[in-house]
Amino acid sequence: MNRLRSLLPLLSCAAAAVAALTLTSPALAQDWPERAPIRLVAVFPPGGSVDQVARILAQPLSKQLGQDVIVENRGGASGSIGTGSVATAAPDGYTFAVVFDTHGVNPSLNPNLPFNTVKDLTTVSLLGTGAMVLTTHADSPYKSLADVLAAAKGDKTLSYGSIGSGSLGHLAITLMSKSGAPGLVHIPYRGGGPLMNDAIAGHVPLAIGSVFLSKPHIDSKRLRALAVTTSKRSENLPDVPTIAESGFAGFEAPAWWAVLAPAKTPQKIVKRMNEEINKALKLPEVAQKLAAQGISVRTGTPQQAQSFVENQISIWAKVVKDNDIKAE
């Protein structure tokens, strides 16, 4: 009995702590987003598609929420540095990540990530999907994917750049090269901006990036498009054949973009942010900016977005394992 009495103060403190935690989540949700500016962490450097998507979203979200929405670039390690900073951020609804398809690859390619991709993060919204496109400099001798395959066979090698080791572009070309062009050599870049700078300067023979990233340079005739990675041709590049129709039946590897939050962010905030993002994506000016760059808008619930992301993680984990793909 005396022992029980001695524990009562501790039990009371514990109960108070639990009660405080219980009250914290509704309190956070009730005054959100009034307390501070909202950070959208773009997990790649300026100039790439993640950065641009984040900035396209920031303006309408700021207007809708009545709060400043600030884009912060935190690139590196195929997006995992910026994503990790959000995974460990306070789950108060003031920090979100804008990620690319590398998010679905990083867990299998980098098993020692300092955060758990599924447990430490929750998906707020899937923003859209799109094709990736293999390009070459406009003055290069490669006029088609067949030319590339011929140039990378036998003892010949040909370099291609992607937005980073383990990016979906990297995996897509790795899959293709294993069965058709073993001489393709990967050069990882720290994001789409640096990749495009070298591609249009002719410093790297081939580049694989999203249509969003590559199309402006294709339109300006500085890059030549050779093939897209989706099963159907891109509406933005209708004359560019798919990899599937170029001898790799069934080949498909779409790019995608999503918004994430720390896992313990109150569900009311996640739901509200999802609704506001969906509303922004349906604005004609936002939809037009995204569509013009090859992104098909995908709206839906947080649960649908989470299922999509977890499915991507599962798909690419198998590809990485089956093809013994390593981080460079």
# chains A, B, ... in the order shown; residues from 1 in each chain; ligands from 1
call {"tool": "residues_around", "arguments": {"residues": "region 282-299 of chain A", "least_positions_apart": "5", "cutoff": "6 Å", "atoms": "only C-alpha atoms", "output": "list in words"}}
result
Leu127, Gly128, Thr129, Gly130, Val211, Phe212 and Asn236 of chain A
call {"tool": "residues_around", "arguments": {"residues": "Val240 (chain A)", "least_positions_apart": "4", "cutoff": "7 Å", "atoms": "only C-alpha atoms", "output": "list in words"}}
result
Ala225, Leu226, Ala227, Val228 and Arg233 of chain A
call {"tool": "write_last_selection", "arguments": {"atoms": "C-alpha atoms", "output": "PDB file, in the first residue's frame"}}
result
ATOM      1  CA  ALA A 225      13.867  13.607 -77.726  1.00  0.00           C
ATOM      2  CA  LEU A 226      14.490   9.920 -78.439  1.00  0.00           C
ATOM      3  CA  ALA A 227      11.938   7.947 -76.376  1.00  0.00           C
ATOM      4  CA  VAL A 228       9.511   8.260 -73.449  1.00  0.00           C
ATOM      5  CA  ARG A 233       3.107   8.386 -75.950  1.00  0.00           C
TER       6      ARG A 233
END
call {"tool": "residues_around", "arguments": {"residues": "region 178-183 of chain A", "least_positions_apart": "2", "cutoff": "6 Å", "atoms": "only C-alpha atoms", "output": "PyMOL selection string"}}
result
chain A and resi 149+152-153+156-157+175-176
call {"tool": "write_last_selection", "arguments": {"atoms": "N, CA and C atoms", "output": "PDB file, in the first residue's frame"}}
result
ATOM      1  N   LEU A 149      21.145   2.268 -78.874  1.00  0.00           N
ATOM      2  CA  LEU A 149      21.381   0.859 -78.576  1.00  0.00           C
ATOM      3  C   LEU A 149      22.560   0.327 -79.376  1.00  0.00           C
ATOM      4  N   ALA A 152      25.932   1.405 -77.903  1.00  0.00           N
ATOM      5  CA  ALA A 152      26.261   0.938 -76.556  1.00  0.00           C
ATOM      6  C   ALA A 152      26.302  -0.579 -76.467  1.00  0.00           C
ATOM      7  N   LYS A 153      26.669  -1.221 -77.562  1.00  0.00           N
ATOM      8  CA  LYS A 153      26.774  -2.673 -77.580  1.00  0.00           C
ATOM      9  C   LYS A 153      28.236  -3.102 -77.745  1.00  0.00           C
ATOM     10  N   LYS A 156      31.593  -1.096 -76.741  1.00  0.00           N
ATOM     11  CA  LYS A 156      31.373   0.347 -76.809  1.00  0.00           C
ATOM     12  C   LYS A 156      30.627   0.824 -75.558  1.00  0.00           C
ATOM     13  N   THR A 157      30.928   2.031 -75.113  1.00  0.00           N
ATOM     14  CA  THR A 157      30.216   2.614 -73.973  1.00  0.00           C
ATOM     15  C   THR A 157      29.669   3.986 -74.359  1.00  0.00           C
ATOM     16  N   LEU A 175      17.376  -1.010 -66.463  1.00  0.00           N
ATOM     17  CA  LEU A 175      16.574  -2.133 -66.935  1.00  0.00           C
ATOM     18  C   LEU A 175      16.724  -2.316 -68.443  1.00  0.00           C
ATOM     19  N   MET A 176      16.647  -1.214 -69.158  1.00  0.00           N
ATOM     20  CA  MET A 176      16.759  -1.276 -70.611  1.00  0.00           C
ATOM     21  C   MET A 176      18.150  -1.737 -71.030  1.00  0.00           C
TER      22      MET A 176
END
call {"tool": "select_by_dssp", "arguments": {"residues": "region 22-71 of chain A", "states": "helix (DSSP H, G or I)", "output": "JSON, numbers by chain"}}
result
{"A": [22, 23, 24, 25, 26, 27, 28, 29, 30, 31, 49, 50, 51, 52, 53, 54, 55, 56, 57, 58, 59, 60, 61, 62, 63, 64, 65]}
call {"tool": "write_last_selection", "arguments": {"atoms": "C-alpha atoms", "output": "PDB file, in the first residue's frame"}}
result
ATOM      1  CA  THR A  22      -4.167  14.161 -26.264  1.00  0.00           C
ATOM      2  CA  LEU A  23      -5.081  17.818 -26.193  1.00  0.00           C
ATOM      3  CA  THR A  24      -2.104  18.914 -28.300  1.00  0.00           C
ATOM      4  CA  SER A  25      -3.271  17.396 -31.577  1.00  0.00           C
ATOM      5  CA  PRO A  26      -6.748  18.995 -31.620  1.00  0.00           C
ATOM      6  CA  ALA A  27      -5.258  22.281 -30.472  1.00  0.00           C
ATOM      7  CA  LEU A  28      -2.738  22.239 -33.318  1.00  0.00           C
ATOM      8  CA  ALA A  29      -5.452  21.435 -35.831  1.00  0.00           C
ATOM      9  CA  GLN A  30      -7.827  24.077 -34.468  1.00  0.00           C
ATOM     10  CA  ASP A  31      -5.578  27.084 -35.063  1.00  0.00           C
ATOM     11  CA  SER A  49      10.768  19.668 -61.685  1.00  0.00           C
ATOM     12  CA  VAL A  50      10.337  19.252 -57.908  1.00  0.00           C
ATOM     13  CA  ASP A  51      11.374  22.860 -57.355  1.00  0.00           C
ATOM     14  CA  GLN A  52       9.071  24.095 -60.106  1.00  0.00           C
ATOM     15  CA  VAL A  53       6.079  22.049 -58.945  1.00  0.00           C
ATOM     16  CA  ALA A  54       6.556  23.341 -55.401  1.00  0.00           C
ATOM     17  CA  ARG A  55       6.637  26.954 -56.606  1.00  0.00           C
ATOM     18  CA  ILE A  56       3.571  26.486 -58.828  1.00  0.00           C
ATOM     19  CA  LEU A  57       1.684  25.182 -55.775  1.00  0.00           C
ATOM     20  CA  ALA A  58       2.969  27.702 -53.250  1.00  0.00           C
ATOM     21  CA  GLN A  59       1.188  30.765 -54.621  1.00  0.00           C
ATOM     22  CA  PRO A  60      -2.396  29.409 -54.757  1.00  0.00           C
ATOM     23  CA  LEU A  61      -1.953  27.579 -51.450  1.00  0.00           C
ATOM     24  CA  SER A  62      -0.836  30.799 -49.782  1.00  0.00           C
ATOM     25  CA  LYS A  63      -3.903  32.595 -51.097  1.00  0.00           C
ATOM     26  CA  GLN A  64      -6.289  29.796 -50.105  1.00  0.00           C
ATOM     27  CA  LEU A  65      -4.850  29.296 -46.618  1.00  0.00           C
TER      28      LEU A  65
END
call {"tool": "atom_distance", "arguments": {"atom1": "CA of Asn323 (chain A)", "atom2": "CA of His170 (chain A)"}}
result
12.4 Å
call {"tool": "closest_atom_pairs", "arguments": {"of": "region 113-223 of chain A", "to": "region 83-88 of chain A", "cutoff": "12 Å", "atoms": "only C-alpha atoms", "output": "CSV"}}
result
residue,atom,partner,partner_atom,distance
A:Leu113,CA,A:Gly84,CA,8.3
A:Pro114,CA,A:Gly84,CA,7.2
A:Phe115,CA,A:Gly84,CA,6.3
A:Asn116,CA,A:Ala87,CA,8.3
A:Thr117,CA,A:Ala87,CA,8.2
A:Val118,CA,A:Ala87,CA,10.0
A:Lys119,CA,A:Ala87,CA,9.2
A:Asp120,CA,A:Ala87,CA,5.5
A:Leu121,CA,A:Ala87,CA,5.6
A:Thr122,CA,A:Ala87,CA,9.0
A:Thr123,CA,A:Ala87,CA,11.3
call {"tool": "write_last_selection", "arguments": {"atoms": "C-alpha atoms", "output": "PDB file, in the first residue's frame"}}
result
ATOM      1  CA  LEU A 113      18.395   5.751 -44.468  1.00  0.00           C
ATOM      2  CA  PRO A 114      18.188   7.570 -41.114  1.00  0.00           C
ATOM      3  CA  PHE A 115      14.385   7.481 -41.264  1.00  0.00           C
ATOM      4  CA  ASN A 116      11.692   4.942 -42.075  1.00  0.00           C
ATOM      5  CA  THR A 117      10.031   5.975 -45.326  1.00  0.00           C
ATOM      6  CA  VAL A 118       6.657   4.432 -44.450  1.00  0.00           C
ATOM      7  CA  LYS A 119       6.526   4.839 -40.659  1.00  0.00           C
ATOM      8  CA  ASP A 120       8.040   8.336 -40.301  1.00  0.00           C
ATOM      9  CA  LEU A 121       6.116  10.027 -43.120  1.00  0.00           C
ATOM     10  CA  THR A 122       2.542  10.206 -44.347  1.00  0.00           C
ATOM     11  CA  THR A 123       1.439  11.054 -47.866  1.00  0.00           C
TER      12      THR A 123
END
call {"tool": "residues_around", "arguments": {"residues": "region 270-275 of chain A", "least_positions_apart": "2", "cutoff": "10 Å", "atoms": "only C-alpha atoms", "output": "ChimeraX atom specification"}}
result
/A:29,32-33,61,65,93,96,122-127,259-268,277-281,299-303,305
call {"tool": "write_last_selection", "arguments": {"atoms": "N, CA and C atoms", "output": "JSON list (two decimals), in the first residue's frame"}}
result
[["chain", "number", "residue", "atom", "x", "y", "z"],
["A", 29, "ALA", "N", -4.57, 21.43, -34.67],
["A", 29, "ALA", "CA", -5.45, 21.44, -35.83],
["A", 29, "ALA", "C", -6.41, 22.62, -35.80],
["A", 32, "TRP", "N", -4.56, 25.86, -36.92],
["A", 32, "TRP", "CA", -3.76, 25.75, -38.14],
["A", 32, "TRP", "C", -4.49, 26.41, -39.30],
["A", 33, "PRO", "N", -3.82, 27.20, -40.15],
["A", 33, "PRO", "CA", -2.39, 27.46, -40.20],
["A", 33, "PRO", "C", -2.02, 28.88, -39.73],
["A", 61, "LEU", "N", -1.76, 28.07, -52.81],
["A", 61, "LEU", "CA", -1.95, 27.58, -51.45],
["A", 61, "LEU", "C", -1.88, 28.73, -50.45],
["A", 65, "LEU", "N", -5.01, 29.52, -48.06],
["A", 65, "LEU", "CA", -4.85, 29.30, -46.62],
["A", 65, "LEU", "C", -4.71, 30.59, -45.83],
["A", 93, "GLY", "N", 2.08, 20.57, -38.89],
["A", 93, "GLY", "CA", 1.40, 21.08, -40.07],
["A", 93, "GLY", "C", 2.08, 22.27, -40.71],
["A", 96, "PHE", "N", 6.19, 20.50, -44.86],
["A", 96, "PHE", "CA", 5.81, 19.46, -45.81],
["A", 96, "PHE", "C", 6.95, 19.25, -46.80],
["A", 122, "THR", "N", 3.87, 10.53, -43.82],
["A", 122, "THR", "CA", 2.54, 10.21, -44.35],
["A", 122, "THR", "C", 2.33, 11.00, -45.62],
["A", 123, "THR", "N", 1.67, 10.38, -46.59],
["A", 123, "THR", "CA", 1.44, 11.05, -47.87],
["A", 123, "THR", "C", 0.18, 11.91, -47.77],
["A", 124, "VAL", "N", 0.34, 13.18, -48.09],
["A", 124, "VAL", "CA", -0.78, 14.12, -48.05],
["A", 124, "VAL", "C", -1.54, 14.09, -49.36],
["A", 125, "SER", "N", -0.81, 14.19, -50.46],
["A", 125, "SER", "CA", -1.44, 14.25, -51.79],
["A", 125, "SER", "C", -0.50, 13.71, -52.85],
["A", 126, "LEU", "N", -1.04, 12.98, -53.80],
["A", 126, "LEU", "CA", -0.36, 12.69, -55.05],
["A", 126, "LEU", "C", -0.70, 13.84, -55.98],
["A", 127, "LEU", "N", 0.32, 14.49, -56.54],
["A", 127, "LEU", "CA", 0.08, 15.67, -57.37],
["A", 127, "LEU", "C", -0.14, 15.33, -58.83],
["A", 259, "VAL", "N", 3.17, 15.22, -52.15],
["A", 259, "VAL", "CA", 3.43, 16.02, -50.96],
["A", 259, "VAL", "C", 3.33, 15.12, -49.73],
["A", 260, "LEU", "N", 4.33, 15.21, -48.85],
["A", 260, "LEU", "CA", 4.38, 14.39, -47.65],
["A", 260, "LEU", "C", 4.41, 15.28, -46.41],
["A", 261, "ALA", "N", 4.10, 14.66, -45.26],
["A", 261, "ALA", "CA", 4.18, 15.35, -43.97],
["A", 261, "ALA", "C", 4.78, 14.39, -42.95],
["A", 262, "PRO", "N", 5.30, 14.90, -41.83],
["A", 262, "PRO", "CA", 5.73, 14.00, -40.75],
["A", 262, "PRO", "C", 4.58, 13.10, -40.33],
["A", 263, "ALA", "N", 4.90, 11.86, -39.97],
["A", 263, "ALA", "CA", 3.87, 10.84, -39.75],
["A", 263, "ALA", "C", 2.83, 11.21, -38.69],
["A", 264, "LYS", "N", 3.22, 11.93, -37.66],
["A", 264, "LYS", "CA", 2.29, 12.21, -36.56],
["A", 264, "LYS", "C", 1.55, 13.54, -36.73],
["A", 265, "THR", "N", 1.59, 14.10, -37.93],
["A", 265, "THR", "CA", 0.82, 15.31, -38.19],
["A", 265, "THR", "C", -0.66, 15.01, -37.99],
["A", 266, "PRO", "N", -1.40, 15.84, -37.26],
["A", 266, "PRO", "CA", -2.83, 15.59, -37.01],
["A", 266, "PRO", "C", -3.59, 15.33, -38.31],
["A", 267, "GLN", "N", -4.44, 14.32, -38.27],
["A", 267, "GLN", "CA", -5.19, 13.94, -39.47],
["A", 267, "GLN", "C", -6.07, 15.07, -40.00],
["A", 268, "LYS", "N", -6.57, 15.92, -39.11],
["A", 268, "LYS", "CA", -7.39, 17.04, -39.58],
["A", 268, "LYS", "C", -6.57, 17.99, -40.45],
["A", 277, "ILE", "N", -4.77, 21.37, -51.59],
["A", 277, "ILE", "CA", -3.92, 21.02, -52.74],
["A", 277, "ILE", "C", -4.79, 20.61, -53.92],
["A", 278, "ASN", "N", -5.80, 19.77, -53.67],
["A", 278, "ASN", "CA", -6.71, 19.37, -54.74],
["A", 278, "ASN", "C", -7.39, 20.58, -55.37],
["A", 279, "LYS", "N", -7.78, 21.51, -54.52],
["A", 279, "LYS", "CA", -8.42, 22.74, -55.01],
["A", 279, "LYS", "C", -7.45, 23.53, -55.89],
["A", 280, "ALA", "N", -6.19, 23.63, -55.47],
["A", 280, "ALA", "CA", -5.19, 24.36, -56.24],
["A", 280, "ALA", "C", -4.91, 23.68, -57.58],
["A", 281, "LEU", "N", -4.86, 22.34, -57.57],
["A", 281, "LEU", "CA", -4.57, 21.60, -58.80],
["A", 281, "LEU", "C", -5.68, 21.75, -59.84],
["A", 299, "THR", "N", -5.67, 13.97, -58.50],
["A", 299, "THR", "CA", -6.23, 14.35, -57.21],
["A", 299, "THR", "C", -6.80, 13.10, -56.53],
["A", 300, "GLY", "N", -7.03, 13.20, -55.22],
["A", 300, "GLY", "CA", -7.57, 12.07, -54.47],
["A", 300, "GLY", "C", -7.36, 12.28, -52.99],
["A", 301, "THR", "N", -7.67, 11.27, -52.21],
["A", 301, "THR", "CA", -7.56, 11.36, -50.76],
["A", 301, "THR", "C", -6.14, 11.05, -50.30],
["A", 302, "PRO", "N", -5.82, 11.40, -49.04],
["A", 302, "PRO", "CA", -4.52, 11.00, -48.50],
["A", 302, "PRO", "C", -4.33, 9.49, -48.50],
["A", 303, "GLN", "N", -5.40, 8.74, -48.24],
["A", 303, "GLN", "CA", -5.31, 7.29, -48.20],
["A", 303, "GLN", "C", -4.96, 6.73, -49.59],
["A", 305, "ALA", "N", -3.39, 8.36, -51.94],
["A", 305, "ALA", "CA", -2.01, 8.78, -52.22],
["A", 305, "ALA", "C", -1.01, 7.88, -51.50]]
call {"tool": "atom_distance", "arguments": {"atom1": "CA of Ser307 (chain A)", "atom2": "CA of Gly79 (chain A)"}}
result
20.1 Å
call {"tool": "residues_around", "arguments": {"residues": "Asn73 (chain A)", "least_positions_apart": "6", "cutoff": "8 Å", "atoms": "only C-alpha atoms", "output": "list in words"}}
result
Val41, Ala42, Val43, Phe44, Pro45, Pro46, Asp51 and Gly82 of chain A
call {"tool": "write_last_selection", "arguments": {"atoms": "C-alpha atoms", "output": "PDB file, in the first residue's frame"}}
result
ATOM      1  CA  VAL A  41      10.646  21.528 -48.694  1.00  0.00           C
ATOM      2  CA  ALA A  42      11.554  20.825 -52.329  1.00  0.00           C
ATOM      3  CA  VAL A  43      13.879  17.840 -51.988  1.00  0.00           C
ATOM      4  CA  PHE A  44      15.934  18.688 -55.096  1.00  0.00           C
ATOM      5  CA  PRO A  45      17.918  21.814 -56.018  1.00  0.00           C
ATOM      6  CA  PRO A  46      16.447  24.831 -57.852  1.00  0.00           C
ATOM      7  CA  ASP A  51      11.374  22.860 -57.355  1.00  0.00           C
ATOM      8  CA  GLY A  82      15.309  16.918 -47.734  1.00  0.00           C
TER       9      GLY A  82
END
call {"tool": "residues_around", "arguments": {"residues": "Ile200 (chain A)", "least_positions_apart": "2", "cutoff": "9 Å", "atoms": "only C-alpha atoms", "output": "VMD selection string"}}
result
chain A and resid 136 to 138 195 to 198 202 to 204 217 222 to 223
call {"tool": "select_by_dssp", "arguments": {"residues": "region 50-233 of chain A", "states": "strand (DSSP E)", "output": "ChimeraX atom specification"}}
result
/A:69-73,95-100,121-130,132-137,158-162,184-188,206-210,223-228
call {"tool": "residues_around", "arguments": {"residues": "Leu158 (chain A)", "least_positions_apart": "6", "cutoff": "9 Å", "atoms": "only C-alpha atoms", "output": "list in words"}}
result
Val148, Ala151, Ala152, Gly183, Leu184, Val185, His186, Pro205 and Leu206 of chain A
